[in-house]
Amino acid sequence: MKFGVLVFPGSNCDHDCYHVIKHVMKEDVDFVWHKEEKLSDYDCLIIPGGFSYGDYLRPGAISKFSPIMKEVIRFGKRGGLILGICNGFQILLESGLLQGAMMKNQSLKFICKDVYIRIEESKTPFTSQMNTGDVIKIPIAHADGNYFADEKTINELEENNQIVFRYSAPGGEITDDVNPNGSLQNIAGICNRERNILGMMPHPERCSEKILGNESGIHIFKSIIESSTLSQA
Amino acid sequence: MEPKITPELVAYHGLTDEEYQKIIGIMGREPNYTELGIFSVMWSEHCSYKSSKVHLKKLPVDGPQVIHGPGENAGVVDIGDGLAVVFKIESHNHPSFIEPYQGAATGVGGILRDIFTMGARPIASLNSLRFGSPDHPKTGYLMEGVVSGIAGYGNCMGVPTVGGEIYFNDCYNGNILVNAFTLGIVKIDKIFKGSASGPGNPVIYVGSKTGRDGIHGVTMASEEFDDKSEERRPTVQVGDPFTEKLLLEACLEAMKKDYIVGIQDMGGAGLSCASSEMASRAGTGIELDISLIPRREEGMIPYEVMLSESQERMLLVVKKGYEEEIERIFKKWDLDVVVVGEVTTDGIIRVKDNGRVVAELPAKPLANEAPIYTRPSTKPRYLDGLREFRLDDIEEPKEYTDILLRLLGSPNIASKEWVYRQYDHMVRVNTIVLPGSDAAVIRIQGTGKAIAMTVDCNSRYCYLDPYTGGMIAVAEGARNLVCSGAKPLAITDCLNFGNPENPEIMWQLEQSIKGISEACLFLNTPVVGGNVSFYNETQGVAIYPTPTIAMVGLIDDYSLHCTPWFKKEGDIIVLIGKTEEEIGGSEYLKVIHNLEKGIPPKIDLKREKMVHDTCLEAIRAGIIISAHDCSEGGLGVTLAECCISNKERIFGVTVDLDSPMRRDALLFGESQSRIIVSLDENDFSLLQKIADNKGCPLKLLGRVDSNKLTININGDAIIRIETEKIAEKWGKISELKCLK
């Protein structure tokens, strides 16, 4: 399976995603520079975290104009797998591949810590190796992760089971106390209707190795690889 | 029309008459306005170290592990496998007090550039912060600003901020300290230096455009504050971490090739400093045409261009013929890149503006021959009587549980989670031990090794006895590393002091350096770089002497790293080291009795080394489950921290102490060279054997328990409390008055 990790000016989790895919998952991976106008044959694109364009104007708002994004949108519409993590999620929202918007964290501060998320939907190529209702520990690190969408959109997301992750207590309870940033309905990750594009604020690449004390993120990468193998079979 | 040089103008530039005469001697004529400006910044205390140089020479700088010691942009230390770590600490105190967000942010930006200038990729940062009293009206504003400035810059750069320290004391009310440390990793054969060799080679400017910000920043950092200091806000630089991130990636990309001969960042004293230091190191000259310098403001005169401290700029010397390759790389990253001059043979920095020569200065004297002062020093009068303190002067508390709770909730001891939550401490996926431990541990990808790092200084000890305080700062740093399983390698120091023209301040500096030197020699941790920050003084009131020590150590096998918190009920708890009756200068005296006096704990370097060797050998033997340095708050606080510092799993403890010592001294005295470890009962005999071989004192204290902290002294239960309650008290730094 072949991954492409997009690199925007200011991306800073690009190396981390590359490392996990290449050295932990042992899969093929390239960096893809944002000024490229053509994509090679990738099975999955990762839009990594960071501060693309310095988060100036709004996180992700300038990146959507990068030359590569036209191709990324085409790739997504054709059913290619796209995983946007943190700033990558913000870019997916700004470029219209996912619905909704990000606001500043309720605390108005950057937050870096481990949180728990509940898997709300295991029927996606990104979560197939987990069960709906499972809870995993995973780190977040962002200043703008307060997800918002209008009521109609939220209802649609609900109806179509597009809400993939919610911030939860370790036991799975969804409460305000465990919502780190003020996200509507504790939303931590959503997918598109076709389920080939996922955006999530938490960082699975930061918890995919034993030495880092947490390997729960690996389930997401395994799911991607598994679903790609299945679809090629 | 440029101003005429008058004695007033010379004085305004912070130069004395003698210094000015020396400049005339070097030049063989009077300098013009631009030249005067360039000399004044290069000869400022901040750039020239003129008051500290004679003392800094006494620091030990050599060791088989040292690749580059002081003198380069940062120190370089060998870690094996053809790799080296590059690290340095630097102060940004004055700007951070005047404009906390930008001051702290650009402090981080500056230290990051020092690291990647050498070809190293920055992989971790630390910081050491000192604020005034939590009750002081400005403390909250300053702390919020500094912390978000560090977060704003470091997070955007994608360099994790993995640890640090924060202290509050009245002595910092008018002068906060912001000391920033960064460590990078480099292949030993790919280290770059700030040298302008090869006459005829092009000099290339890359990065942000030049503006008027930061002019005389270094001069400000070389003066005391007065009530007009806030008017200096325009001398504070403004940071743009996004541009610096591009600069980092572009520089590292360019360094993969063989085009770059020398590189230096334009930080303090900007283009003046970069050009003269690079030429001076290589014994060459540089000719610049400043009309070519990219600018963000119109109408800048040569004086302003040469003195600007605009951030995110680098000066490169490149092999002739490779200009286009360099241009291609920096343009890819959307950065300005312009050939602005060339290396010459005559040793002169020649500045032209559209062909007209506007300044001609000899590089070497400018960069290296600032006057060196052996300033007078005397033992401070404040010490009279201050060290005379006996335990009997204070009443023994009747109840100890409350005392422990008050200590744990006090600002210097309480959890600093409120702060490090705001720093991305996980990016780059190397952080094995997160903030909130004795030392941060970062793995080195592609090897089985890890680097541990810590930053320490107890400035109250230094105030009461700068010699011992300096020694302790080094010893505690090393002890923190040992607790994480690392062998200490080397240090970088940030010497923060008051006005060096005051002999009492010079005495503090001398004594501190003496203590640091002795400890570094004994513990084999040479000083590979650092920074001196003087004039941390407002209207005659100086900070406590604060020689901050950042220390770096190596863990050969990262699977054998260690953390401070208890992990299993029933494990035994052992004190490596020995408790003496030493309550002077303690946090207990300050928090509970509002006293900052007495003799700080003494330190015996031989015993310190024994403790380190014992702990390290036991960790490497795989028998130590947790190890925590015993420091501020003594045994009582340290035991509590072992129970609660891993929020996910809190433990209790039952400890039996037998001692004739008064209970407060026993529980809260801060005797040095102590480490509290936990281990399986069956491994105790091995630990005992390791300690005996080294002649190291050891004492079995008790056992890890489920949820209560119980301390018995001579059979009496002195403290008994649920650790949940302790954790709650300790975890609430956000309830400090200043943060509301």
# chains A, B, ... in the order shown; residues from 1 in each chain; ligands from 1
>>> closest_atom_pairs(of="chain B", to="chain A", cutoff="8 Å", atoms="only C-alpha atoms", output="JSON lines")
{"residue": "B:Ser148", "atom": "CA", "partner": "A:Lys109", "partner_atom": "CA", "distance": 7.9}
{"residue": "B:Ala151", "atom": "CA", "partner": "A:Phe110", "partner_atom": "CA", "distance": 7.6}
{"residue": "B:Cys156", "atom": "CA", "partner": "A:Phe51", "partner_atom": "CA", "distance": 5.6}
{"residue": "B:Met157", "atom": "CA", "partner": "A:Asn12", "partner_atom": "CA", "distance": 7.1}
{"residue": "B:Gly158", "atom": "CA", "partner": "A:Asn12", "partner_atom": "CA", "distance": 5.1}
{"residue": "B:Pro241", "atom": "CA", "partner": "A:Gly54", "partner_atom": "CA", "distance": 7.3}
{"residue": "B:Phe242", "atom": "CA", "partner": "A:Gly54", "partner_atom": "CA", "distance": 4.7}
{"residue": "B:Lys245", "atom": "CA", "partner": "A:Gly10", "partner_atom": "CA", "distance": 6.3}
{"residue": "B:Leu246", "atom": "CA", "partner": "A:Pro9", "partner_atom": "CA", "distance": 6.6}
{"residue": "B:Trp333", "atom": "CA", "partner": "A:Pro9", "partner_atom": "CA", "distance": 7.2}
{"residue": "B:Tyr420", "atom": "CA", "partner": "A:Cys112", "partner_atom": "CA", "distance": 7.9}
{"residue": "B:Arg421", "atom": "CA", "partner": "A:Cys112", "partner_atom": "CA", "distance": 5.1}
{"residue": "B:Gln422", "atom": "CA", "partner": "A:Phe110", "partner_atom": "CA", "distance": 4.9}
{"residue": "B:Tyr423", "atom": "CA", "partner": "A:Cys112", "partner_atom": "CA", "distance": 6.4}
{"residue": "B:Asp424", "atom": "CA", "partner": "A:Cys112", "partner_atom": "CA", "distance": 5.5}
{"residue": "B:His425", "atom": "CA", "partner": "A:Cys112", "partner_atom": "CA", "distance": 7.2}
{"residue": "B:Met426", "atom": "CA", "partner": "A:Arg206", "partner_atom": "CA", "distance": 7.1}
{"residue": "B:Val427", "atom": "CA", "partner": "A:Cys13", "partner_atom": "CA", "distance": 6.7}
{"residue": "B:Arg428", "atom": "CA", "partner": "A:Asp16", "partner_atom": "CA", "distance": 5.6}
{"residue": "B:Val429", "atom": "CA", "partner": "A:Arg206", "partner_atom": "CA", "distance": 5.5}
{"residue": "B:Asn430", "atom": "CA", "partner": "A:Leu212", "partner_atom": "CA", "distance": 7.3}
{"residue": "B:Thr431", "atom": "CA", "partner": "A:Leu212", "partner_atom": "CA", "distance": 6.8}
{"residue": "B:Ile432", "atom": "CA", "partner": "A:Leu212", "partner_atom": "CA", "distance": 5.2}
{"residue": "B:Ser559", "atom": "CA", "partner": "A:Ile211", "partner_atom": "CA", "distance": 7.4}
>>> residues_around(residues="range 130-136 of chain B", least_positions_apart="6", cutoff="9 Å", atoms="only C-alpha atoms", output="ChimeraX atom specification")
/B:142-143,165-179,411,736-739
>>> residues_around(residues="Lys64 in chain A", least_positions_apart="2", cutoff="8 Å", atoms="only C-alpha atoms", output="PyMOL selection string")
chain A and resi 60-62+66+69+91+94-95
>>> write_last_selection(atoms="N, CA, C and O atoms", output="compact mmCIF listing (two decimals), in the first residue's frame")
# COMPACT_ATOMS: atom_id res chain seq x y z
N GLY A 60 -5.76 26.53 8.22
CA GLY A 60 -6.19 25.83 7.01
C GLY A 60 -6.73 26.73 5.92
O GLY A 60 -6.91 26.29 4.78
N ALA A 61 -7.00 27.99 6.25
CA ALA A 61 -7.70 28.86 5.30
C ALA A 61 -6.84 29.20 4.08
O ALA A 61 -7.36 29.43 2.99
N ILE A 62 -5.51 29.26 4.25
CA ILE A 62 -4.66 29.61 3.11
C ILE A 62 -4.22 28.34 2.37
O ILE A 62 -4.11 28.32 1.16
N SER A 66 -3.35 26.03 -2.04
CA SER A 66 -2.11 25.44 -2.56
C SER A 66 -2.41 24.61 -3.81
O SER A 66 -3.45 23.98 -3.90
N MET A 69 -3.99 21.08 -3.79
CA MET A 69 -5.32 20.83 -3.24
C MET A 69 -6.35 20.47 -4.31
O MET A 69 -7.28 19.71 -4.06
N ILE A 91 -7.77 21.80 7.46
CA ILE A 91 -7.65 22.04 6.02
C ILE A 91 -8.81 21.35 5.27
O ILE A 91 -9.39 21.91 4.35
N GLU A 94 -11.80 23.59 5.71
CA GLU A 94 -11.70 24.83 4.93
C GLU A 94 -11.86 24.56 3.44
O GLU A 94 -12.35 25.39 2.70
N SER A 95 -11.40 23.39 2.99
CA SER A 95 -11.49 23.12 1.55
C SER A 95 -12.82 22.47 1.18
O SER A 95 -13.03 22.12 0.03
>>> residues_around(residues="Ile690 in chain B", least_positions_apart="3", cutoff="10 Å", atoms="only C-alpha atoms", output="ChimeraX atom specification")
/B:613-615,617-618,621,684-687,693-696
>>> write_last_selection(atoms="C-alpha atoms", output="short mmCIF file (atom, residue, chain, number, x, y, z; two decimals), in the first residue's frame")
data_model
loop_
_atom_site.label_atom_id
_atom_site.label_comp_id
_atom_site.auth_asym_id
_atom_site.auth_seq_id
_atom_site.Cartn_x
_atom_site.Cartn_y
_atom_site.Cartn_z
CA ASP B 613 26.78 5.95 40.74
CA THR B 614 24.65 3.79 43.00
CA CYS B 615 21.36 4.92 41.50
CA GLU B 617 24.05 1.20 38.39
CA ALA B 618 20.84 -0.01 40.00
CA ALA B 621 20.62 -3.46 36.51
CA PHE B 684 16.89 -4.87 47.95
CA SER B 685 19.94 -7.04 48.63
CA LEU B 686 21.34 -6.23 45.20
CA LEU B 687 20.80 -2.52 45.76
CA ASN B 693 30.60 -1.30 47.04
CA LYS B 694 30.61 2.44 46.62
CA GLY B 695 30.38 3.28 50.29
CA CYS B 696 27.07 5.01 49.67
#
>>> residues_around(residues="Val532 in chain B", least_positions_apart="6", cutoff="7 Å", atoms="only C-alpha atoms", output="PDB file with N, CA, C and O atoms, in the first residue's frame")
ATOM      1  N   CYS B 494      23.232  29.726  32.114  1.00  0.00           N
ATOM      2  CA  CYS B 494      22.691  31.056  31.861  1.00  0.00           C
ATOM      3  C   CYS B 494      22.832  31.839  33.161  1.00  0.00           C
ATOM      4  O   CYS B 494      22.107  31.607  34.121  1.00  0.00           O
ATOM      5  N   LEU B 495      23.819  32.722  33.206  1.00  0.00           N
ATOM      6  CA  LEU B 495      24.169  33.395  34.453  1.00  0.00           C
ATOM      7  C   LEU B 495      23.406  34.719  34.557  1.00  0.00           C
ATOM      8  O   LEU B 495      23.757  35.703  33.907  1.00  0.00           O
ATOM      9  N   ASN B 496      22.354  34.723  35.351  1.00  0.00           N
ATOM     10  CA  ASN B 496      21.516  35.914  35.487  1.00  0.00           C
ATOM     11  C   ASN B 496      21.876  36.649  36.778  1.00  0.00           C
ATOM     12  O   ASN B 496      21.730  36.096  37.876  1.00  0.00           O
TER      13      ASN B 496
END
>>> residues_around(residues="Ile82 in chain A", least_positions_apart="2", cutoff="7 Å", atoms="only C-alpha atoms", output="mmCIF file with C-alpha atoms, in the first residue's frame")
data_model
loop_
_atom_site.group_PDB
_atom_site.id
_atom_site.type_symbol
_atom_site.label_atom_id
_atom_site.label_comp_id
_atom_site.auth_asym_id
_atom_site.auth_seq_id
_atom_site.Cartn_x
_atom_site.Cartn_y
_atom_site.Cartn_z
ATOM 1 C CA CYS A 44 -4.092 7.021 0.997
ATOM 2 C CA LEU A 45 -3.181 10.662 1.552
ATOM 3 C CA ILE A 46 -2.391 12.025 4.974
ATOM 4 C CA GLY A 76 -11.125 12.420 -2.584
ATOM 5 C CA GLY A 80 -9.267 7.867 -2.486
ATOM 6 C CA GLY A 84 -6.582 14.766 8.002
ATOM 7 C CA ASN A 196 -13.321 7.759 2.458
ATOM 8 C CA ILE A 197 -12.297 11.071 4.077
ATOM 9 C CA LEU A 198 -11.710 11.355 7.820
#
>>> residues_around(residues="Thr132 in chain A", least_positions_apart="2", cutoff="6 Å", atoms="only C-alpha atoms", output="VMD selection string")
chain A and resid 119 to 122 134
>>> select_by_dssp(residues="range 294-333 of chain B", states="helix (DSSP H, G or I)", output="list in words")
Pro302, Tyr303, Glu304, Val305, Met306, Leu307, Glu323, Glu324, Glu325, Ile326, Glu327, Arg328, Ile329, Phe330, Lys331 and Lys332 of chain B
>>> closest_residue(among="A:Tyr18, A:Lys26, A:Asn146, A:Arg193", to="Glu159 in chain A", atoms="only C-alpha atoms")
A:Arg193
>>> closest_residue(among="B:His92, B:Arg674, B:Lys514, B:Arg281", to="Gly470 in chain B", atoms="only C-alpha atoms")
B:Lys514
>>> closest_residue(among="B:Asp604, B:Asp656, B:Glu648, B:Glu641", to="Ile676 in chain B", atoms="only C-alpha atoms")
B:Glu641
